[in-house]
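The structure file start.cif is reproduced below (mmCIF, C-alpha atoms).
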data_query
#
loop_
_atom_site.label_atom_id
_atom_site.label_comp_id
_atom_site.auth_asym_id
_atom_site.auth_seq_id
_atom_site.Cartn_x
_atom_site.Cartn_y
_atom_site.Cartn_z
CA MET A 1 99.17 84.51 125.31
CA ALA A 2 98.35 84.73 121.61
CA PHE A 3 101.34 84.96 119.29
CA LEU A 4 99.69 87.01 116.53
CA SER A 5 98.62 90.62 117.07
CA ASP A 6 94.98 91.34 117.87
CA THR A 7 95.16 93.98 115.13
CA LEU A 8 95.23 91.26 112.46
CA ALA A 9 91.82 90.05 113.59
CA ARG A 10 90.34 93.37 112.50
CA VAL A 11 91.55 93.17 108.89
CA LYS A 12 91.55 90.74 105.99
CA PRO A 13 94.13 90.09 103.25
CA SER A 14 93.86 92.32 100.20
CA PRO A 15 91.03 91.03 97.95
CA THR A 16 92.66 92.80 95.02
CA ILE A 17 95.81 90.74 95.38
CA ALA A 18 93.82 87.56 95.98
CA VAL A 19 91.74 87.86 92.80
CA THR A 20 94.79 88.94 90.79
CA ASN A 21 96.73 85.89 91.96
CA LYS A 22 93.78 83.66 91.07
CA ALA A 23 93.60 85.13 87.56
CA ARG A 24 97.35 84.60 87.14
CA GLU A 25 97.07 80.98 88.24
CA LEU A 26 94.28 80.36 85.72
CA GLN A 27 96.27 82.04 82.94
CA GLU A 28 99.31 79.90 83.73
CA ALA A 29 97.04 76.85 83.52
CA GLY A 30 96.09 77.83 79.98
CA ARG A 31 92.72 79.40 80.69
CA ASP A 32 91.62 82.48 78.72
CA VAL A 33 91.09 84.91 81.61
CA ILE A 34 90.61 88.66 81.80
CA GLY A 35 91.85 89.90 85.18
CA LEU A 36 89.73 92.67 86.71
CA GLY A 37 91.69 92.82 89.96
CA ALA A 38 94.80 95.01 90.01
CA GLY A 39 94.58 98.25 88.03
CA GLU A 40 97.09 97.57 85.28
CA PRO A 41 97.24 99.93 82.28
CA ASP A 42 97.20 98.15 78.92
CA PHE A 43 100.43 99.72 77.65
CA ASP A 44 104.08 99.40 78.62
CA THR A 45 106.15 101.92 80.57
CA PRO A 46 107.25 104.54 77.98
CA GLN A 47 110.75 104.04 76.64
CA HIS A 48 112.21 107.37 77.85
CA ILE A 49 111.28 106.42 81.41
CA LYS A 50 112.98 103.03 81.12
CA ASP A 51 116.03 104.71 79.58
CA ALA A 52 116.21 107.09 82.56
CA ALA A 53 116.21 104.13 84.93
CA LYS A 54 119.03 102.45 83.00
CA ALA A 55 121.00 105.69 83.01
CA ALA A 56 120.54 106.00 86.77
CA ILE A 57 121.94 102.51 87.26
CA ASP A 58 124.92 103.26 85.02
CA ALA A 59 125.53 106.52 86.92
CA GLY A 60 125.67 104.66 90.23
CA LYS A 61 122.49 106.17 91.63
CA THR A 62 121.90 102.96 93.53
CA LYS A 63 122.46 104.06 97.14
CA TYR A 64 120.16 105.08 99.96
CA THR A 65 118.34 108.34 99.39
CA ALA A 66 116.49 110.72 101.67
CA VAL A 67 113.73 108.77 103.43
CA ASP A 68 110.87 110.55 101.66
CA GLY A 69 112.34 111.21 98.24
CA ILE A 70 115.23 112.77 96.32
CA PRO A 71 115.16 116.58 95.90
CA GLU A 72 114.95 116.26 92.11
CA LEU A 73 111.77 114.20 92.32
CA LYS A 74 110.19 116.49 94.91
CA ARG A 75 110.83 119.47 92.63
CA ALA A 76 109.30 117.58 89.69
CA ILE A 77 106.23 116.80 91.81
CA CYS A 78 105.86 120.46 92.81
CA ALA A 79 106.05 121.43 89.14
CA LYS A 80 103.42 118.81 88.24
CA PHE A 81 100.97 120.10 90.87
CA ALA A 82 101.46 123.68 89.68
CA ARG A 83 101.21 122.81 85.99
CA GLU A 84 98.28 120.40 86.07
CA ASN A 85 96.32 121.28 89.21
CA GLY A 86 97.06 124.93 89.97
CA LEU A 87 98.40 123.96 93.40
CA ARG A 88 101.55 125.53 94.81
CA TYR A 89 103.70 123.40 97.09
CA SER A 90 107.30 123.59 98.25
CA PRO A 91 109.52 120.47 98.35
CA ALA A 92 109.17 120.47 102.15
CA GLN A 93 105.44 119.85 101.63
CA VAL A 94 106.02 116.72 99.51
CA THR A 95 106.52 113.10 100.51
CA VAL A 96 107.43 110.18 98.23
CA GLY A 97 106.59 106.60 99.17
CA THR A 98 106.80 103.06 97.87
CA GLY A 99 103.57 103.33 95.90
CA GLY A 100 100.44 105.32 96.52
CA LYS A 101 99.19 102.74 99.01
CA GLN A 102 102.13 103.35 101.35
CA VAL A 103 101.57 107.10 101.27
CA LEU A 104 97.91 106.68 102.27
CA TYR A 105 98.81 104.14 104.95
CA ASN A 106 101.58 106.33 106.38
CA ALA A 107 99.21 109.29 106.63
CA LEU A 108 96.60 107.24 108.48
CA MET A 109 99.21 105.74 110.82
CA ALA A 110 100.57 109.20 111.54
CA THR A 111 97.21 110.75 112.42
CA LEU A 112 94.62 108.25 113.68
CA ASN A 113 93.88 107.49 117.32
CA PRO A 114 91.35 104.97 118.68
CA GLY A 115 87.86 106.33 118.14
CA ASP A 116 88.78 108.53 115.19
CA GLU A 117 86.43 108.09 112.24
CA VAL A 118 87.30 108.12 108.54
CA ILE A 119 84.52 108.69 105.99
CA ILE A 120 84.84 106.45 102.91
CA PRO A 121 82.45 106.83 99.96
CA ALA A 122 81.17 103.52 98.59
CA PRO A 123 81.86 101.82 96.22
CA TYR A 124 85.45 102.08 97.46
CA TRP A 125 88.91 100.66 96.84
CA VAL A 126 88.99 97.61 99.09
CA SER A 127 92.16 98.66 100.94
CA TYR A 128 90.81 101.91 102.39
CA PRO A 129 88.85 100.44 105.33
CA ASP A 130 91.49 97.89 106.25
CA MET A 131 94.20 100.55 106.32
CA VAL A 132 91.99 102.63 108.60
CA LEU A 133 91.48 99.64 110.88
CA LEU A 134 95.20 98.84 110.98
CA ALA A 135 95.84 102.43 112.05
CA GLY A 136 93.31 102.12 114.88
CA GLY A 137 90.53 104.17 113.32
CA THR A 138 86.92 103.41 112.44
CA PRO A 139 85.76 103.42 108.80
CA VAL A 140 82.39 105.09 108.15
CA PHE A 141 80.82 104.30 104.79
CA VAL A 142 78.67 106.69 102.76
CA GLU A 143 76.78 105.05 99.91
CA GLY A 144 76.94 106.41 96.38
CA PRO A 145 74.00 104.61 94.76
CA MET A 146 73.61 103.74 91.10
CA GLU A 147 70.93 106.45 90.80
CA THR A 148 73.54 109.16 91.43
CA GLY A 149 76.18 107.58 89.22
CA TYR A 150 77.88 105.94 92.23
CA LYS A 151 78.68 109.37 93.64
CA ILE A 152 77.77 110.56 97.12
CA THR A 153 75.59 113.60 97.73
CA PRO A 154 76.45 116.60 99.90
CA ALA A 155 73.56 115.71 102.23
CA ALA A 156 74.90 112.19 102.72
CA LEU A 157 78.38 113.52 103.47
CA GLU A 158 76.98 116.05 105.95
CA ALA A 159 74.99 113.33 107.73
CA ALA A 160 78.07 111.14 108.16
CA ILE A 161 80.26 113.78 109.80
CA THR A 162 80.53 113.63 113.59
CA LEU A 163 82.79 115.23 116.17
CA ARG A 164 84.97 112.10 115.85
CA THR A 165 85.49 112.44 112.08
CA LYS A 166 89.15 113.05 111.27
CA TRP A 167 89.45 112.27 107.55
CA PHE A 168 87.29 112.21 104.45
CA ILE A 169 88.87 109.96 101.78
CA PHE A 170 87.98 111.20 98.31
CA ASN A 171 88.76 109.20 95.16
CA SER A 172 87.85 110.59 91.73
CA PRO A 173 87.92 109.07 89.17
CA SER A 174 86.90 106.22 91.41
CA ASN A 175 88.39 102.80 91.81
CA PRO A 176 86.31 100.65 91.29
CA SER A 177 83.28 102.44 89.85
CA GLY A 178 85.03 104.83 87.46
CA ALA A 179 82.77 107.63 88.67
CA GLY A 180 84.26 111.10 88.24
CA TYR A 181 83.02 114.19 90.06
CA SER A 182 82.52 117.35 88.02
CA ARG A 183 83.80 120.66 89.34
CA ALA A 184 80.26 121.61 90.44
CA GLU A 185 79.70 118.26 92.17
CA LEU A 186 83.02 118.50 93.99
CA LYS A 187 82.38 122.13 94.98
CA ALA A 188 79.12 121.02 96.61
CA LEU A 189 81.08 118.51 98.71
CA THR A 190 83.80 120.98 99.63
CA ASP A 191 81.14 123.46 100.74
CA VAL A 192 80.08 120.85 103.30
CA LEU A 193 83.67 120.30 104.42
CA MET A 194 84.21 124.02 104.88
CA ARG A 195 81.50 123.93 107.56
CA HIS A 196 83.45 121.28 109.51
CA PRO A 197 86.99 122.58 110.08
CA HIS A 198 88.05 119.52 112.10
CA VAL A 199 87.70 117.21 109.06
CA TRP A 200 90.78 116.68 106.89
CA VAL A 201 90.65 115.61 103.24
CA MET A 202 92.70 112.77 101.78
CA SER A 203 92.32 113.05 98.01
CA ASP A 204 93.45 109.95 96.13
CA ASP A 205 94.01 111.26 92.59
CA MET A 206 95.79 108.19 91.21
CA TYR A 207 93.40 107.88 88.24
CA GLU A 208 93.63 111.57 87.34
CA HIS A 209 94.64 110.97 83.72
CA LEU A 210 92.44 107.94 83.01
CA VAL A 211 89.48 110.01 81.85
CA PHE A 212 87.42 110.06 78.69
CA GLY A 213 85.52 112.51 76.52
CA ASP A 214 85.33 116.08 77.76
CA PHE A 215 85.53 115.23 81.47
CA GLU A 216 87.63 117.78 83.40
CA PHE A 217 89.58 116.40 86.35
CA VAL A 218 89.69 118.58 89.47
CA THR A 219 90.96 117.94 92.99
CA PRO A 220 89.52 119.29 96.27
CA ALA A 221 92.19 121.84 97.20
CA GLN A 222 92.03 123.18 93.65
CA VAL A 223 88.25 123.64 93.75
CA GLU A 224 88.19 125.05 97.29
CA PRO A 225 91.42 126.85 98.27
CA GLY A 226 90.07 127.13 101.80
CA LEU A 227 90.81 123.43 102.24
CA TYR A 228 94.46 123.75 101.25
CA ASP A 229 95.76 123.67 104.84
CA ARG A 230 93.90 120.46 105.71
CA THR A 231 94.18 118.49 102.49
CA LEU A 232 96.65 115.75 101.59
CA THR A 233 96.66 115.52 97.78
CA CYS A 234 97.89 112.05 96.82
CA ASN A 235 98.99 110.73 93.46
CA GLY A 236 101.65 108.60 91.80
CA VAL A 237 103.11 107.36 88.55
CA SER A 238 101.52 103.89 88.54
CA LYS A 239 98.50 104.47 86.34
CA ALA A 240 99.23 107.49 84.14
CA TYR A 241 102.69 106.22 83.16
CA ALA A 242 102.10 102.44 83.39
CA MET A 243 104.61 102.16 86.23
CA THR A 244 102.66 99.93 88.60
CA GLY A 245 105.64 97.73 89.44
CA TRP A 246 108.03 100.63 89.96
CA ARG A 247 106.25 101.52 93.22
CA ILE A 248 106.36 105.30 93.42
CA GLY A 249 103.56 107.28 95.03
CA TYR A 250 103.62 110.81 96.34
CA ALA A 251 101.56 113.37 98.21
CA ALA A 252 101.65 117.04 99.14
CA GLY A 253 100.11 118.80 102.10
CA PRO A 254 100.84 120.81 105.24
CA GLU A 255 104.46 120.52 106.31
CA PRO A 256 103.80 119.18 109.85
CA LEU A 257 101.76 116.31 108.37
CA ILE A 258 104.44 115.60 105.77
CA LYS A 259 107.07 115.41 108.53
CA ALA A 260 104.90 112.99 110.51
CA ILE A 261 104.45 110.79 107.43
CA GLY A 262 108.23 110.80 106.96
CA LYS A 263 108.72 109.69 110.57
CA VAL A 264 106.48 106.66 110.00
CA GLN A 265 108.29 105.79 106.77
CA SER A 266 111.69 106.14 108.42
CA GLN A 267 110.82 103.24 110.72
CA SER A 268 109.25 101.01 108.06
CA THR A 269 110.72 100.94 104.55
CA SER A 270 112.99 103.99 104.56
CA ASN A 271 113.44 105.41 101.05
CA PRO A 272 111.62 104.21 97.93
CA CYS A 273 113.79 102.49 95.31
CA SER A 274 116.39 104.97 94.09
CA ILE A 275 116.17 103.80 90.48
CA SER A 276 112.39 104.11 90.46
CA GLN A 277 112.67 107.65 91.80
CA TRP A 278 114.88 108.73 88.90
CA ALA A 279 112.49 107.04 86.48
CA ALA A 280 109.63 109.00 88.08
CA VAL A 281 111.52 112.24 87.49
CA ALA A 282 111.68 111.37 83.80
CA ALA A 283 107.97 110.52 83.80
CA LEU A 284 106.89 113.82 85.33
CA GLU A 285 109.35 116.04 83.43
CA GLY A 286 109.28 114.24 80.08
CA PRO A 287 106.71 114.27 77.25
CA GLN A 288 103.14 113.94 78.49
CA ASP A 289 101.48 112.77 75.27
#
How does the structure come out when it is put into structure tokens?
Amino acid sequence: MAFLSDTLARVKPSPTIAVTNKARELQEAGRDVIGLGAGEPDFDTPQHIKDAAKAAIDAGKTKYTAVDGIPELKRAICAKFARENGLRYSPAQVTVGTGGKQVLYNALMATLNPGDEVIIPAPYWVSYPDMVLLAGGTPVFVEGPMETGYKITPAALEAAITLRTKWFIFNSPSNPSGAGYSRAELKALTDVLMRHPHVWVMSDDMYEHLVFGDFEFVTPAQVEPGLYDRTLTCNGVSKAYAMTGWRIGYAAGPEPLIKAIGKVQSQSTSNPCSISQWAAVAALEGPQD
């Protein structure tokens, strides 16, 4: 009888972490290396966020919290979605995890059964397919070629959808390509999804604020309100606020899904770091310049 789980044979270690560790080793050896692995902003966590964390420690906010986030942070997240994305959620529709990756993983673990398919546009963040495989699903890749700016077409999305498709993972601006979908381009994709009511949308909006020029960020449930009841809108404080190490991600969606995600988290990590949660409140409610 094998000691290690058969599940591990279906996945590989994170390439992002591997290349980041290699870059760090070379830097420590004195080599002049630019690391293109982990997505680290080139500025420090803003001072008012760090001050909020220190204040939380001094106030004794160092105990266990609710599994999926403190009420204050959930309210701040609801306000952020309303203010920046025109999306209305209640705190009961919000979950907070230990980084955006955990939120995505929890959602897949809570919903996928063997044989379920998850559509992933390529180029893609390297963790998407392995998380799908760990959850028992099957990743289905849709190519976004250079000719279309590394973005998939509505026809390609339509062709990939089957009766077994459960999720469509959407990431704009994209890690790793940087491709951002315009409102018109995203509307064309959501029109396809509206014709397939069994397909849910997992929108990874982590790079929402890392945009340039006159690009306007939009998210699927904002562009097509008809998808609201089958969309999990995911985000976090890692990139926009240079809080990668603080490990706070969040998502909003239908309440039954949010409860299922909370059940998974209750048996894995329990609550995210209490200090990081209070720092995230300061990030979302503080100055946004």
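Distance check against Lys101 in chain A using all atoms listed in the file: of A:Thr153, A:Gln222, A:Asn85, A:Ser238, the minimum falls on A:Ser238.
Here CA of Leu257 in chain A is placed at a distance of 16.8 Å from CA of Val132 in chain A.
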Taking the file as shown, what set of residues would the PyMOL selection byres ((chain A and resi 237) around 8) give back, as a PDB file with C-alpha atoms, in the coordinates of the input?
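The result, written out as selection.pdb:
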ATOM      1  CA  MET A 206      95.790 108.190  91.210  1.00  0.00           C
ATOM      2  CA  ASN A 235      98.990 110.730  93.460  1.00  0.00           C
ATOM      3  CA  GLY A 236     101.650 108.600  91.800  1.00  0.00           C
ATOM      4  CA  SER A 238     101.520 103.890  88.540  1.00  0.00           C
ATOM      5  CA  LYS A 239      98.500 104.470  86.340  1.00  0.00           C
ATOM      6  CA  ALA A 240      99.230 107.490  84.140  1.00  0.00           C
ATOM      7  CA  TYR A 241     102.690 106.220  83.160  1.00  0.00           C
ATOM      8  CA  ALA A 242     102.100 102.440  83.390  1.00  0.00           C
ATOM      9  CA  MET A 243     104.610 102.160  86.230  1.00  0.00           C
ATOM     10  CA  THR A 244     102.660  99.930  88.600  1.00  0.00           C
ATOM     11  CA  ILE A 248     106.360 105.300  93.420  1.00  0.00           C
ATOM     12  CA  GLY A 249     103.560 107.280  95.030  1.00  0.00           C
ATOM     13  CA  ALA A 280     109.630 109.000  88.080  1.00  0.00           C
ATOM     14  CA  ALA A 283     107.970 110.520  83.800  1.00  0.00           C
TER      15      ALA A 283
END
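Proximity to Pro91 in chain A was assessed for A:Glu255, A:Glu216, A:Glu185, A:Asp58 counting all atoms listed in the file; the smallest distance is recorded for A:Glu255.
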- Message: List the spatial neighbours of Thr20 in chain A as a ChimeraX atom specification - criterion: any atom at most 12 Å away, all atoms listed in the file, same-chain residues fewer than 6 positions off excluded.
- Response: /A:14,26-27,33-40
- Could you list the residues chosen by the PyMOL selection byres ((chain A and resi 121-131) around 8) in this structure as a list in words? Arg10, Val11, Lys12, Ser14, Pro15, Thr16, Tyr105, Leu108, Ile119, Ile120, Val132, Leu133, Leu134, Ala135, Thr138, Pro139, Phe141, Val142, Glu143, Gly144, Tyr150, Lys151, Ile152, Ile169, Phe170, Ser174, Asn175, Pro176 and Ser177 of chain A
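Reported to one decimal place, the separation of CA of Gln102 in chain A from CA of Ser270 in chain A is 11.3 Å.
Residues matched by the PyMOL selection byres ((chain A and resi 190) around 8) in this file: Leu186, Lys187, Ala188, Leu189, Asp191, Val192, Leu193, Met194, Pro220, Val223, Glu224 and Leu227 of chain A.
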- Query: Separation of CA of Asp205 in chain A and CA of Ala251 in chain A, in Å?
  - Reply: 9.6 Å
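Compared by their closest atoms to Asp44 in chain A, and using only C-alpha atoms, the residues A:Pro13, A:Gly245, A:Pro114, A:Gly97 rank with A:Gly245 nearest.
Shortest atom-to-atom contact with Val94 in chain A among A:Ala29, A:Ala155, A:Ala55, A:Ile261: A:Ile261, counting all atoms listed in the file.
Nearest to Tyr89 in chain A of all the residues A:Trp246, A:Tyr228, A:Tyr181, A:Tyr207 is A:Tyr228, counting all atoms listed in the file.
With distances taken over all atoms listed in the file, A:Cys273 is the one residue among A:Ala79, A:Val201, A:Cys273, A:Leu112 lying closest to Gly99 in chain A.
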